[in-house]
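Q: Supplied structure: my_file_19.pdb, PDB, C-alpha atoms and all ligand atoms.
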```
ATOM      1  CA  MET A   5    -120.324-141.889 259.954
ATOM      2  CA  THR A   6    -123.285-141.161 262.132
ATOM      3  CA  ALA A   7    -125.139-137.839 262.179
ATOM      4  CA  ILE A   8    -123.378-136.700 265.344
ATOM      5  CA  THR A   9    -119.872-137.786 264.330
ATOM      6  CA  GLU A  10    -120.100-136.116 260.935
ATOM      7  CA  SER A  11    -121.218-132.836 262.445
ATOM      8  CA  SER A  12    -118.800-129.935 262.075
ATOM      9  CA  GLU A  13    -118.518-129.685 265.865
ATOM     10  CA  VAL A  14    -117.294-133.285 266.246
ATOM     11  CA  GLN A  15    -115.070-133.113 263.142
ATOM     12  CA  ALA A  16    -113.423-129.979 264.551
ATOM     13  CA  LEU A  17    -113.033-131.700 267.932
ATOM     14  CA  LEU A  18    -111.255-134.641 266.232
ATOM     15  CA  ASP A  19    -108.892-132.259 264.416
ATOM     16  CA  LYS A  20    -108.047-130.457 267.641
ATOM     17  CA  ALA A  21    -107.750-133.584 269.802
ATOM     18  CA  SER A  22    -105.344-135.193 267.341
ATOM     19  CA  GLY A  23    -103.266-132.035 267.090
ATOM     20  CA  LEU A  24    -103.956-131.570 263.384
ATOM     21  CA  ASP A  25    -104.477-127.839 263.918
ATOM     22  CA  ALA A  26    -101.244-127.525 265.930
ATOM     23  CA  ALA A  27     -97.758-126.892 264.537
ATOM     24  CA  GLY A  28     -95.704-129.319 266.622
ATOM     25  CA  GLY A  29     -95.696-133.090 266.764
ATOM     26  CA  ASP A  30     -95.521-135.764 264.105
ATOM     27  CA  GLN A  31     -97.897-135.641 261.147
ATOM     28  CA  ARG A  32     -98.291-139.400 260.726
ATOM     29  CA  THR A  33     -98.975-139.816 264.447
ATOM     30  CA  LYS A  34    -101.632-137.095 264.272
ATOM     31  CA  GLN A  35    -103.365-138.840 261.373
ATOM     32  CA  ILE A  36    -103.319-142.224 263.085
ATOM     33  CA  VAL A  37    -104.581-140.774 266.372
ATOM     34  CA  ARG A  38    -107.368-138.970 264.525
ATOM     35  CA  LYS A  39    -108.478-142.141 262.737
ATOM     36  CA  ILE A  40    -108.507-144.205 265.933
ATOM     37  CA  LEU A  41    -110.453-141.490 267.775
ATOM     38  CA  ALA A  42    -112.926-141.082 264.911
ATOM     39  CA  ASP A  43    -113.558-144.843 264.855
ATOM     40  CA  LEU A  44    -114.029-144.828 268.631
ATOM     41  CA  PHE A  45    -116.454-141.891 268.528
ATOM     42  CA  GLU A  46    -118.447-143.593 265.799
ATOM     43  CA  THR A  47    -118.547-146.898 267.691
ATOM     44  CA  ILE A  48    -119.792-145.132 270.827
ATOM     45  CA  ASP A  49    -122.510-143.358 268.881
ATOM     46  CA  ARG A  50    -123.545-146.292 266.676
ATOM     47  CA  PHE A  51    -123.960-148.679 269.610
ATOM     48  CA  ASP A  52    -125.251-146.003 271.993
ATOM     49  CA  VAL A  53    -122.498-146.893 274.476
ATOM     50  CA  SER A  54    -123.490-145.600 277.889
ATOM     51  CA  GLU A  55    -121.220-143.630 280.187
ATOM     52  CA  ASP A  56    -121.046-146.607 282.533
ATOM     53  CA  GLU A  57    -120.084-148.931 279.698
ATOM     54  CA  PHE A  58    -117.396-146.539 278.496
ATOM     55  CA  TRP A  59    -115.723-146.056 281.864
ATOM     56  CA  HIS A  60    -115.868-149.749 282.746
ATOM     57  CA  ALA A  61    -114.348-150.553 279.338
ATOM     58  CA  LEU A  62    -111.538-148.044 279.914
ATOM     59  CA  ASN A  63    -110.835-149.596 283.299
ATOM     60  CA  PHE A  64    -110.893-153.073 281.752
ATOM     61  CA  LEU A  65    -108.290-151.983 279.184
ATOM     62  CA  ALA A  66    -106.074-150.426 281.835
ATOM     63  CA  ALA A  67    -106.249-153.471 284.116
ATOM     64  CA  GLY A  68    -105.852-155.887 281.222
ATOM     65  CA  ALA A  69    -102.836-154.186 279.659
ATOM     66  CA  PRO A  70    -100.273-156.731 280.972
ATOM     67  CA  GLU A  71    -101.946-159.286 278.689
ATOM     68  CA  PHE A  72    -102.010-157.141 275.548
ATOM     69  CA  GLY A  73     -99.352-159.495 274.134
ATOM     70  CA  LEU A  74    -102.090-162.162 274.157
ATOM     71  CA  TRP A  75    -104.855-159.850 272.981
ATOM     72  CA  ALA A  76    -102.914-159.264 269.756
ATOM     73  CA  PRO A  77    -102.973-162.928 268.630
ATOM     74  CA  GLY A  78    -106.329-163.642 270.273
ATOM     75  CA  LEU A  79    -108.096-160.836 268.451
ATOM     76  CA  GLY A  80    -106.530-161.832 265.144
ATOM     77  CA  VAL A  81    -104.329-158.743 264.940
ATOM     78  CA  GLU A  82    -101.102-160.739 264.767
ATOM     79  CA  ARG A  83    -102.616-162.943 262.043
ATOM     80  CA  PHE A  84    -103.683-159.785 260.198
ATOM     81  CA  LEU A  85    -100.104-158.493 260.271
ATOM     82  CA  ASP A  86     -99.033-161.783 258.630
ATOM     83  CA  ILE A  87    -101.772-161.500 255.997
ATOM     84  CA  ARG A  88    -100.530-157.991 255.172
ATOM     85  CA  ALA A  89     -96.869-159.066 255.062
ATOM     86  CA  ASP A  90     -97.756-161.954 252.721
ATOM     87  CA  GLU A  91     -99.791-159.675 250.490
ATOM     88  CA  LYS A  92     -97.059-157.049 250.320
ATOM     89  CA  ALA A  93     -94.496-159.709 249.369
ATOM     90  CA  ARG A  94     -96.867-161.057 246.711
ATOM     91  CA  ALA A  95     -97.475-157.587 245.311
ATOM     92  CA  ALA A  96     -93.719-156.961 245.174
ATOM     93  CA  GLY A  97     -93.258-160.203 243.246
ATOM     94  CA  GLU A  98     -91.113-161.723 245.991
ATOM     95  CA  ALA A  99     -91.018-165.520 245.996
ATOM     96  CA  GLN A 100     -92.042-167.055 249.311
ATOM     97  CA  GLY A 101     -90.369-169.857 251.190
ATOM     98  CA  THR A 102     -91.857-171.631 254.202
ATOM     99  CA  PRO A 103     -94.971-169.682 255.227
ATOM    100  CA  ARG A 104     -94.611-167.267 258.081
ATOM    101  CA  THR A 105     -96.909-167.451 261.068
ATOM    102  CA  ILE A 106     -97.210-165.473 264.260
ATOM    103  CA  GLU A 107     -94.453-165.173 266.865
ATOM    104  CA  GLY A 108     -96.711-164.840 269.902
ATOM    105  CA  PRO A 109     -95.554-163.184 273.135
ATOM    106  CA  LEU A 110     -93.450-165.972 274.674
ATOM    107  CA  TYR A 111     -90.072-165.777 272.953
ATOM    108  CA  VAL A 112     -87.039-165.165 275.136
ATOM    109  CA  GLY A 113     -83.880-163.823 273.529
ATOM    110  CA  GLY A 114     -80.358-165.096 274.009
ATOM    111  CA  ALA A 115     -80.978-168.855 274.176
ATOM    112  CA  PRO A 116     -77.757-170.924 274.070
ATOM    113  CA  LEU A 117     -76.297-171.453 270.604
ATOM    114  CA  VAL A 118     -75.733-175.201 270.233
ATOM    115  CA  GLU A 119     -74.620-177.750 267.676
ATOM    116  CA  SER A 120     -77.140-179.617 265.589
ATOM    117  CA  GLY A 121     -78.219-182.818 267.297
ATOM    118  CA  SER A 122     -78.370-181.249 270.763
ATOM    119  CA  ARG A 123     -80.928-182.037 273.405
ATOM    120  CA  ILE A 124     -82.865-178.887 274.314
ATOM    121  CA  ASP A 125     -84.983-180.029 277.278
ATOM    122  CA  ASP A 126     -83.516-180.396 280.775
ATOM    123  CA  GLY A 127     -85.092-183.795 281.481
ATOM    124  CA  SER A 128     -87.487-182.526 284.147
ATOM    125  CA  ASP A 129     -90.550-183.194 281.970
ATOM    126  CA  VAL A 130     -91.181-186.893 281.364
ATOM    127  CA  GLY A 131     -93.149-186.290 278.172
ATOM    128  CA  GLU A 132     -92.507-188.421 275.119
ATOM    129  CA  VAL A 133     -89.194-187.783 273.435
ATOM    130  CA  LEU A 134     -89.406-185.828 270.197
ATOM    131  CA  VAL A 135     -86.644-185.879 267.614
ATOM    132  CA  MET A 136     -87.048-183.212 264.985
ATOM    133  CA  HIS A 137     -84.787-182.716 262.010
ATOM    134  CA  GLY A 138     -84.663-181.403 258.492
ATOM    135  CA  GLN A 139     -82.809-179.121 256.160
ATOM    136  CA  VAL A 140     -82.720-175.385 255.636
ATOM    137  CA  ARG A 141     -82.806-174.705 251.901
ATOM    138  CA  ASP A 142     -83.118-171.787 249.542
ATOM    139  CA  LEU A 143     -85.859-171.395 246.960
ATOM    140  CA  ALA A 144     -83.848-173.425 244.431
ATOM    141  CA  GLY A 145     -83.638-176.306 246.901
ATOM    142  CA  ARG A 146     -79.953-175.792 247.672
ATOM    143  CA  PRO A 147     -78.811-176.234 251.291
ATOM    144  CA  VAL A 148     -78.266-172.968 253.145
ATOM    145  CA  ALA A 149     -74.969-172.911 255.025
ATOM    146  CA  GLY A 150     -74.712-170.919 258.245
ATOM    147  CA  ALA A 151     -78.399-171.134 259.128
ATOM    148  CA  VAL A 152     -79.537-170.833 262.731
ATOM    149  CA  VAL A 153     -82.772-172.509 263.827
ATOM    150  CA  ASP A 154     -83.987-170.734 266.963
ATOM    151  CA  VAL A 155     -86.585-173.003 268.562
ATOM    152  CA  TRP A 156     -88.900-172.569 271.553
ATOM    153  CA  HIS A 157     -91.865-174.566 272.787
ATOM    154  CA  ALA A 158     -93.980-175.395 275.815
ATOM    155  CA  ASN A 159     -93.714-178.439 278.082
ATOM    156  CA  THR A 160     -96.418-181.090 278.588
ATOM    157  CA  LYS A 161     -98.288-178.710 280.913
ATOM    158  CA  GLY A 162     -98.387-176.138 278.133
ATOM    159  CA  ASN A 163     -95.969-173.847 279.994
ATOM    160  CA  TYR A 164     -92.884-172.015 278.719
ATOM    161  CA  SER A 165     -89.625-171.642 280.598
ATOM    162  CA  TYR A 166     -88.849-168.104 281.858
ATOM    163  CA  PHE A 167     -92.573-167.345 282.199
ATOM    164  CA  ASP A 168     -92.971-170.584 284.232
ATOM    165  CA  LYS A 169     -90.413-170.223 287.008
ATOM    166  CA  THR A 170     -90.631-173.943 287.920
ATOM    167  CA  GLN A 171     -88.546-174.659 284.793
ATOM    168  CA  SER A 172     -84.841-173.992 284.325
ATOM    169  CA  ASP A 173     -83.878-170.942 282.253
ATOM    170  CA  TYR A 174     -83.973-171.662 278.525
ATOM    171  CA  ASN A 175     -85.543-175.098 278.995
ATOM    172  CA  MET A 176     -86.884-176.059 275.556
ATOM    173  CA  ARG A 177     -85.280-172.952 274.035
ATOM    174  CA  ARG A 178     -82.138-173.146 271.911
ATOM    175  CA  ARG A 179     -80.506-171.640 268.864
ATOM    176  CA  ILE A 180     -79.379-174.586 266.761
ATOM    177  CA  LYS A 181     -76.550-174.210 264.295
ATOM    178  CA  ALA A 182     -77.434-176.041 261.106
ATOM    179  CA  GLY A 183     -74.541-177.759 259.365
ATOM    180  CA  ASP A 184     -72.892-176.585 256.157
ATOM    181  CA  ASP A 185     -75.374-178.906 254.434
ATOM    182  CA  GLY A 186     -78.228-176.922 256.018
ATOM    183  CA  ARG A 187     -79.210-179.880 258.173
ATOM    184  CA  TYR A 188     -80.442-179.361 261.703
ATOM    185  CA  GLU A 189     -81.653-181.756 264.375
ATOM    186  CA  PHE A 190     -82.665-181.499 267.995
ATOM    187  CA  ARG A 191     -84.077-183.700 270.717
ATOM    188  CA  SER A 192     -86.788-182.487 273.089
ATOM    189  CA  ILE A 193     -90.208-183.670 274.276
ATOM    190  CA  VAL A 194     -93.555-183.467 272.503
ATOM    191  CA  PRO A 195     -95.215-180.241 273.722
ATOM    192  CA  SER A 196     -98.854-179.863 274.728
ATOM    193  CA  GLY A 197    -101.278-177.159 273.708
ATOM    194  CA  TYR A 198    -102.223-174.456 276.154
ATOM    195  CA  ALA A 199    -104.794-171.835 276.986
ATOM    196  CA  VAL A 200    -104.727-168.181 277.975
ATOM    197  CA  PRO A 201    -104.482-167.654 281.764
ATOM    198  CA  PRO A 202    -107.867-168.493 283.346
ATOM    199  CA  GLY A 203    -109.633-165.398 284.629
ATOM    200  CA  GLY A 204    -107.167-163.019 282.978
ATOM    201  CA  SER A 205    -108.219-160.155 280.767
ATOM    202  CA  THR A 206    -107.811-162.181 277.548
ATOM    203  CA  ASP A 207    -109.931-164.986 278.972
ATOM    204  CA  GLN A 208    -112.613-162.510 280.107
ATOM    205  CA  LEU A 209    -112.684-160.801 276.730
ATOM    206  CA  LEU A 210    -112.886-164.070 274.766
ATOM    207  CA  GLN A 211    -115.646-165.389 277.020
ATOM    208  CA  ALA A 212    -117.584-162.173 276.506
ATOM    209  CA  VAL A 213    -117.621-162.864 272.764
ATOM    210  CA  GLY A 214    -118.283-166.576 273.165
ATOM    211  CA  ARG A 215    -114.796-167.785 272.226
ATOM    212  CA  HIS A 216    -112.231-170.092 273.800
ATOM    213  CA  GLY A 217    -108.579-169.181 274.356
ATOM    214  CA  LYS A 218    -106.905-172.464 273.429
ATOM    215  CA  ARG A 219    -103.950-173.135 271.169
ATOM    216  CA  PRO A 220    -103.097-176.507 269.642
ATOM    217  CA  ALA A 221     -99.650-177.956 270.445
ATOM    218  CA  HIS A 222     -96.964-176.281 268.360
ATOM    219  CA  ILE A 223     -93.269-175.467 268.137
ATOM    220  CA  HIS A 224     -92.024-171.952 267.363
ATOM    221  CA  PHE A 225     -89.086-171.118 265.108
ATOM    222  CA  PHE A 226     -87.010-168.225 263.924
ATOM    223  CA  VAL A 227     -84.870-169.376 261.007
ATOM    224  CA  SER A 228     -82.135-167.064 259.800
ATOM    225  CA  ALA A 229     -79.082-167.147 257.557
ATOM    226  CA  PRO A 230     -76.882-164.530 255.876
ATOM    227  CA  GLY A 231     -78.401-163.320 252.622
ATOM    228  CA  HIS A 232     -81.831-164.746 253.449
ATOM    229  CA  LYS A 233     -85.037-163.287 254.733
ATOM    230  CA  HIS A 234     -85.606-163.895 258.441
ATOM    231  CA  LEU A 235     -88.420-166.394 258.943
ATOM    232  CA  THR A 236     -90.825-166.446 261.894
ATOM    233  CA  THR A 237     -92.937-169.569 261.890
ATOM    234  CA  GLN A 238     -94.332-172.530 263.821
ATOM    235  CA  ILE A 239     -95.193-176.130 263.164
ATOM    236  CA  ASN A 240     -98.251-177.766 264.662
ATOM    237  CA  ILE A 241     -98.309-181.199 266.236
ATOM    238  CA  ASP A 242    -100.684-183.152 264.010
ATOM    239  CA  GLY A 243    -103.662-184.750 265.717
ATOM    240  CA  ASP A 244    -104.209-182.037 268.324
ATOM    241  CA  PRO A 245    -107.967-181.501 268.884
ATOM    242  CA  TYR A 246    -107.524-177.728 268.432
ATOM    243  CA  LEU A 247    -105.357-178.088 265.293
ATOM    244  CA  ARG A 248    -107.784-176.085 263.165
ATOM    245  CA  ASP A 249    -109.446-174.217 266.011
ATOM    246  CA  ASP A 250    -106.516-172.115 267.234
ATOM    247  CA  PHE A 251    -107.546-169.011 269.193
ATOM    248  CA  ALA A 252    -104.549-167.248 267.631
ATOM    249  CA  TYR A 253    -105.287-168.288 264.018
ATOM    250  CA  ALA A 254    -101.674-169.401 263.485
ATOM    251  CA  THR A 255    -102.306-172.827 261.919
ATOM    252  CA  ARG A 256    -101.347-173.091 258.259
ATOM    253  CA  GLU A 257    -101.769-176.243 256.215
ATOM    254  CA  GLU A 258     -98.131-176.166 255.046
ATOM    255  CA  LEU A 259     -97.002-176.196 258.691
ATOM    256  CA  ILE A 260     -98.500-179.499 259.854
ATOM    257  CA  PRO A 261     -95.805-182.107 259.253
ATOM    258  CA  PRO A 262     -96.618-185.758 259.912
ATOM    259  CA  VAL A 263     -95.525-187.083 263.303
ATOM    260  CA  ALA A 264     -93.949-190.537 263.016
ATOM    261  CA  ARG A 265     -94.325-192.642 266.152
ATOM    262  CA  ARG A 266     -91.210-194.794 266.356
ATOM    263  CA  THR A 267     -91.805-198.035 268.215
ATOM    264  CA  GLU A 268     -89.228-200.283 266.532
ATOM    265  CA  PRO A 269     -86.614-201.480 269.056
ATOM    266  CA  ASP A 270     -83.788-200.788 266.581
ATOM    267  CA  ALA A 271     -84.852-197.169 266.082
ATOM    268  CA  ILE A 272     -85.281-196.684 269.844
ATOM    269  CA  HIS A 273     -81.869-198.154 270.669
ATOM    270  CA  ALA A 274     -80.162-196.255 267.866
ATOM    271  CA  ARG A 275     -81.214-193.052 269.647
ATOM    272  CA  GLY A 276     -80.029-194.333 273.016
ATOM    273  CA  LEU A 277     -83.626-194.373 274.257
ATOM    274  CA  ASN A 278     -85.640-197.039 276.030
ATOM    275  CA  ALA A 279     -89.179-196.105 275.036
ATOM    276  CA  PRO A 280     -91.034-195.254 271.822
ATOM    277  CA  PHE A 281     -90.556-191.703 270.628
ATOM    278  CA  SER A 282     -91.956-189.276 268.075
ATOM    279  CA  GLU A 283     -90.065-188.050 265.047
ATOM    280  CA  ILE A 284     -90.809-185.062 262.846
ATOM    281  CA  GLU A 285     -89.013-184.218 259.647
ATOM    282  CA  PHE A 286     -89.484-180.681 258.429
ATOM    283  CA  ASP A 287     -87.497-178.644 255.928
ATOM    284  CA  PHE A 288     -87.415-174.858 256.041
ATOM    285  CA  THR A 289     -87.197-172.873 252.825
ATOM    286  CA  LEU A 290     -85.788-169.365 253.087
ATOM    287  CA  ALA A 291     -86.441-166.619 250.574
ATOM    288  CA  PRO A 292     -83.564-164.338 249.583
ATOM    289  CA  ALA A 293     -83.264-161.061 251.476
ATOM    290  CA  ALA A 294     -84.108-158.148 249.192
ATOM    291  CA  LYS A 295     -82.192-155.849 251.558
ATOM    292  CA  GLN A 296     -80.001-156.407 254.589
ATOM    293  CA  ALA A 297     -82.722-155.382 257.048
ATOM    294  CA  ASP A 298     -84.806-158.357 255.878
ATOM    295  CA  GLU A 299     -82.207-160.727 257.358
ATOM    296  CA  ALA A 300     -82.768-159.458 260.882
ATOM    297  CA  LEU A 301     -85.360-160.235 263.512
ATOM    298  CA  SER A 302     -87.861-157.386 263.990
ATOM    299  CA  THR A 303     -87.199-154.952 266.823
ATOM    300  CA  ARG A 304     -90.366-155.917 268.715
ATOM    301  CA  PRO A 305     -89.582-155.728 272.467
ATOM    302  CA  ARG A 306     -88.891-159.227 273.812
ATOM    303  CA  ALA A 307     -88.008-160.861 277.105
ATOM    304  CA  LEU A 308     -84.410-161.670 277.997
ATOM    305  CA  VAL A 309     -83.196-163.804 280.906
ATOM    306  CA  ALA A 310     -81.759-161.402 283.490
TER     307      ALA A 310
HETATM  308 FE    FE A 401     -96.590-170.836 271.702
END
```
Kindly transcribe the structure held in the file into structure tokens.
A:
Amino acid sequence: MTAITESSEVQALLDKASGLDAAGGDQRTKQIVRKILADLFETIDRFDVSEDEFWHALNFLAAGAPEFGLWAPGLGVERFLDIRADEKARAAGEAQGTPRTIEGPLYVGGAPLVESGSRIDDGSDVGEVLVMHGQVRDLAGRPVAGAVVDVWHANTKGNYSYFDKTQSDYNMRRRIKAGDDGRYEFRSIVPSGYAVPPGGSTDQLLQAVGRHGKRPAHIHFFVSAPGHKHLTTQINIDGDPYLRDDFAYATREELIPPVARRTEPDAIHARGLNAPFSEIEFDFTLAPAAKQADEALSTRPRALVA
């Protein structure tokens, strides 16, 4: 603490402002509000933040709020939540399956539930065909029956359906029913990486600290099955120039499967295609759910097609 912030006057102000001296309200909320305020007061004092700087910063926060969903990954907060979740699981002695990594703000709920082997793109993007398949297994390596692989990814322009209204609803978004043998497969196109919206509040903030706002190409997944812990993860497309320079810090070494480029005429024809395609094999390992709540997706607010 600085001399001013540790003064009895400022300490009393923090207690009052966070309601700690009042009867009503929620105790935990009061403590959290007090800590955030105390850290803010100290930051202002330590860096001698001017009145102009403070009010412009407040305005920047207010105007930038629609992009807070991008600030969270961009400022490493979403990665930090994963680090904490991993550490808590480790401390509790829980075995881990496929590593988790951030969800990001671009999931849309309620995607069609389809059979394994389905095509999930609407054909409007002429990117290279991607066939991805694998098996959902438990920690002992046994296939998990009844698993659902909920997949979403961007197109070759780095845009996601729903948020990009030029695409059909749920383009490149599906919930895939794995077979009783845990096997899943889908056909789509190889996605591209993307960047935060140019000129938006995230972009302005990152530029102010000398950072870029780019993500390497990736595919998001929720993998769930009865009796198993819900998994939120992604795989990266190997070879992307930003593979290990992700502005959202979501890349994990275990989540970079090899991409096989299939150019053999037999393989192309067997898929009913007429051009080389990419193939990724990736198995998901689910940990057992310690309690029923662990099976479910978090209650984070998410978009839903109207
Ligand atoms: Fe993404």
Q: Sorted by chain and rising residue number, list the residues of chain A at most 8 Å from ligand FE 401 (chain A) (counting only C-alpha atoms and all ligand atoms), each with its closest atom pair and distance in Å to one decimal, as a Markdown table.
A:
```
| residue | atom | partner | partner_atom | distance |
| --- | --- | --- | --- | --- |
| A:Glu107 | CA | A:FE401 | FE | 7.7 |
| A:Gly108 | CA | A:FE401 | FE | 6.3 |
| A:Pro109 | CA | A:FE401 | FE | 7.9 |
| A:Leu110 | CA | A:FE401 | FE | 6.5 |
| A:Trp156 | CA | A:FE401 | FE | 7.9 |
| A:His157 | CA | A:FE401 | FE | 6.1 |
| A:Ala158 | CA | A:FE401 | FE | 6.7 |
| A:Arg219 | CA | A:FE401 | FE | 7.7 |
| A:Ala221 | CA | A:FE401 | FE | 7.9 |
| A:His222 | CA | A:FE401 | FE | 6.4 |
| A:Ile223 | CA | A:FE401 | FE | 6.7 |
| A:His224 | CA | A:FE401 | FE | 6.4 |
```
Q: Once the PyMOL selection byres (((chain A and resi 292-299) around 9) and not hetatm) has been evaluated on this model, what residues remain selected, and can you format them as a ChimeraX atom specification?
A: /A:98-101,142-143,228-235,290-291,300-302
Q: Go through A:Arg146, A:Arg179, A:Arg191, A:Lys218 and flag the residue nearest Glu132 in chain A, using all atoms listed in the file for the distances.
A: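 Smallest separation from Glu132 in chain A among the options: A:Arg191.
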Q: Write out as number ranges by chain the residues lying within 12 Å of Glu283 in chain A, counting all atoms listed in the file and excluding same-chain residues fewer than 3 positions away.
A: A: 132-138, 189-194, 241-242, 261-267, 271-272, 275, 280, 286
Q: Rank nothing, just name the residue among A:Gln238, A:Gln139, A:Leu209, A:Tyr111 nearest to Ser165 in chain A, using only C-alpha atoms.
A: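 Closest to Ser165 in chain A, using only C-alpha atoms: A:Tyr111.
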Q: Excluding Val200 in chain A and residues on its chain fewer than 3 positions from it, collect all residues at most 10 Å away from it, counting only C-alpha atoms, and give them as a list in words.
A: Glu71, Leu74, Trp75, Gly78, Gly203, Gly204, Ser205, Thr206, Asp207, Gln208, Leu210, His216, Gly217, Lys218, Arg219 and Phe251 of chain A
Q: Would you kindly translate the PyMOL selection byres (((chain A and resi 104) around 6) and not hetatm) into the concrete residues it picks from this file, as a list of chain:residue names?
A: A:Pro103, A:Thr105, A:Thr236, A:Thr237
Q: Keeping only C-alpha atoms, write those residues as a short mmCIF file (atom, residue, chain, number, x, y, z; two decimals), in the frame of the given file.
A:
```cif
data_model
loop_
_atom_site.label_atom_id
_atom_site.label_comp_id
_atom_site.auth_asym_id
_atom_site.auth_seq_id
_atom_site.Cartn_x
_atom_site.Cartn_y
_atom_site.Cartn_z
CA PRO A 103 -94.97 -169.68 255.23
CA THR A 105 -96.91 -167.45 261.07
CA THR A 236 -90.82 -166.45 261.89
CA THR A 237 -92.94 -169.57 261.89
#
```
Q: Writing N, CA and C atoms and nothing else, produce range 244-263 of chain A as a PDB file, in the first residue's frame.
A:
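Listing of result33.pdb after writing:
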```pdb
ATOM      1  N   ASP A 244       0.138 -22.899 -38.450  1.00  0.00           N
ATOM      2  CA  ASP A 244      -0.300 -21.511 -38.455  1.00  0.00           C
ATOM      3  C   ASP A 244       0.827 -20.617 -37.900  1.00  0.00           C
ATOM      4  N   PRO A 245       1.086 -19.461 -38.566  1.00  0.00           N
ATOM      5  CA  PRO A 245       2.183 -18.609 -38.085  1.00  0.00           C
ATOM      6  C   PRO A 245       1.994 -18.093 -36.649  1.00  0.00           C
ATOM      7  N   TYR A 246       0.754 -18.047 -36.173  1.00  0.00           N
ATOM      8  CA  TYR A 246       0.514 -17.562 -34.806  1.00  0.00           C
ATOM      9  C   TYR A 246       0.299 -18.711 -33.811  1.00  0.00           C
ATOM     10  N   LEU A 247       0.680 -19.942 -34.239  1.00  0.00           N
ATOM     11  CA  LEU A 247       0.410 -21.129 -33.411  1.00  0.00           C
ATOM     12  C   LEU A 247       0.836 -20.947 -31.953  1.00  0.00           C
ATOM     13  N   ARG A 248       2.015 -20.396 -31.750  1.00  0.00           N
ATOM     14  CA  ARG A 248       2.496 -20.200 -30.376  1.00  0.00           C
ATOM     15  C   ARG A 248       2.592 -18.719 -30.012  1.00  0.00           C
ATOM     16  N   ASP A 249       1.760 -17.936 -30.689  1.00  0.00           N
ATOM     17  CA  ASP A 249       1.727 -16.490 -30.418  1.00  0.00           C
ATOM     18  C   ASP A 249       0.268 -16.031 -30.402  1.00  0.00           C
ATOM     19  N   ASP A 250      -0.555 -16.806 -29.691  1.00  0.00           N
ATOM     20  CA  ASP A 250      -2.000 -16.569 -29.643  1.00  0.00           C
ATOM     21  C   ASP A 250      -2.303 -15.435 -28.671  1.00  0.00           C
ATOM     22  N   PHE A 251      -3.058 -14.438 -29.117  1.00  0.00           N
ATOM     23  CA  PHE A 251      -3.356 -13.306 -28.212  1.00  0.00           C
ATOM     24  C   PHE A 251      -4.205 -13.754 -27.024  1.00  0.00           C
ATOM     25  N   ALA A 252      -4.832 -14.933 -27.159  1.00  0.00           N
ATOM     26  CA  ALA A 252      -5.706 -15.423 -26.085  1.00  0.00           C
ATOM     27  C   ALA A 252      -5.044 -16.508 -25.230  1.00  0.00           C
ATOM     28  N   TYR A 253      -3.811 -16.851 -25.549  1.00  0.00           N
ATOM     29  CA  TYR A 253      -3.028 -17.818 -24.756  1.00  0.00           C
ATOM     30  C   TYR A 253      -3.709 -19.190 -24.630  1.00  0.00           C
ATOM     31  N   ALA A 254      -4.401 -19.616 -25.681  1.00  0.00           N
ATOM     32  CA  ALA A 254      -5.175 -20.862 -25.598  1.00  0.00           C
ATOM     33  C   ALA A 254      -4.428 -22.075 -26.143  1.00  0.00           C
ATOM     34  N   THR A 255      -3.279 -21.855 -26.808  1.00  0.00           N
ATOM     35  CA  THR A 255      -2.562 -22.984 -27.402  1.00  0.00           C
ATOM     36  C   THR A 255      -1.961 -23.864 -26.318  1.00  0.00           C
ATOM     37  N   ARG A 256      -2.156 -25.164 -26.455  1.00  0.00           N
ATOM     38  CA  ARG A 256      -1.512 -26.116 -25.539  1.00  0.00           C
ATOM     39  C   ARG A 256      -0.903 -27.219 -26.395  1.00  0.00           C
ATOM     40  N   GLU A 257       0.288 -27.636 -26.011  1.00  0.00           N
ATOM     41  CA  GLU A 257       1.047 -28.568 -26.856  1.00  0.00           C
ATOM     42  C   GLU A 257       0.279 -29.855 -27.147  1.00  0.00           C
ATOM     43  N   GLU A 258      -0.552 -30.290 -26.174  1.00  0.00           N
ATOM     44  CA  GLU A 258      -1.308 -31.538 -26.366  1.00  0.00           C
ATOM     45  C   GLU A 258      -2.463 -31.361 -27.350  1.00  0.00           C
ATOM     46  N   LEU A 259      -2.703 -30.115 -27.773  1.00  0.00           N
ATOM     47  CA  LEU A 259      -3.876 -29.819 -28.606  1.00  0.00           C
ATOM     48  C   LEU A 259      -3.483 -29.372 -30.011  1.00  0.00           C
ATOM     49  N   ILE A 260      -2.347 -29.886 -30.494  1.00  0.00           N
ATOM     50  CA  ILE A 260      -1.896 -29.545 -31.848  1.00  0.00           C
ATOM     51  C   ILE A 260      -1.711 -30.847 -32.637  1.00  0.00           C
ATOM     52  N   PRO A 261      -2.816 -31.446 -33.067  1.00  0.00           N
ATOM     53  CA  PRO A 261      -2.684 -32.713 -33.791  1.00  0.00           C
ATOM     54  C   PRO A 261      -2.075 -32.470 -35.176  1.00  0.00           C
ATOM     55  N   PRO A 262      -1.382 -33.490 -35.711  1.00  0.00           N
ATOM     56  CA  PRO A 262      -0.868 -33.342 -37.068  1.00  0.00           C
ATOM     57  C   PRO A 262      -2.021 -33.222 -38.074  1.00  0.00           C
ATOM     58  N   VAL A 263      -1.797 -32.449 -39.112  1.00  0.00           N
ATOM     59  CA  VAL A 263      -2.765 -32.325 -40.201  1.00  0.00           C
ATOM     60  C   VAL A 263      -2.209 -33.112 -41.381  1.00  0.00           C
TER      61      VAL A 263
END
```
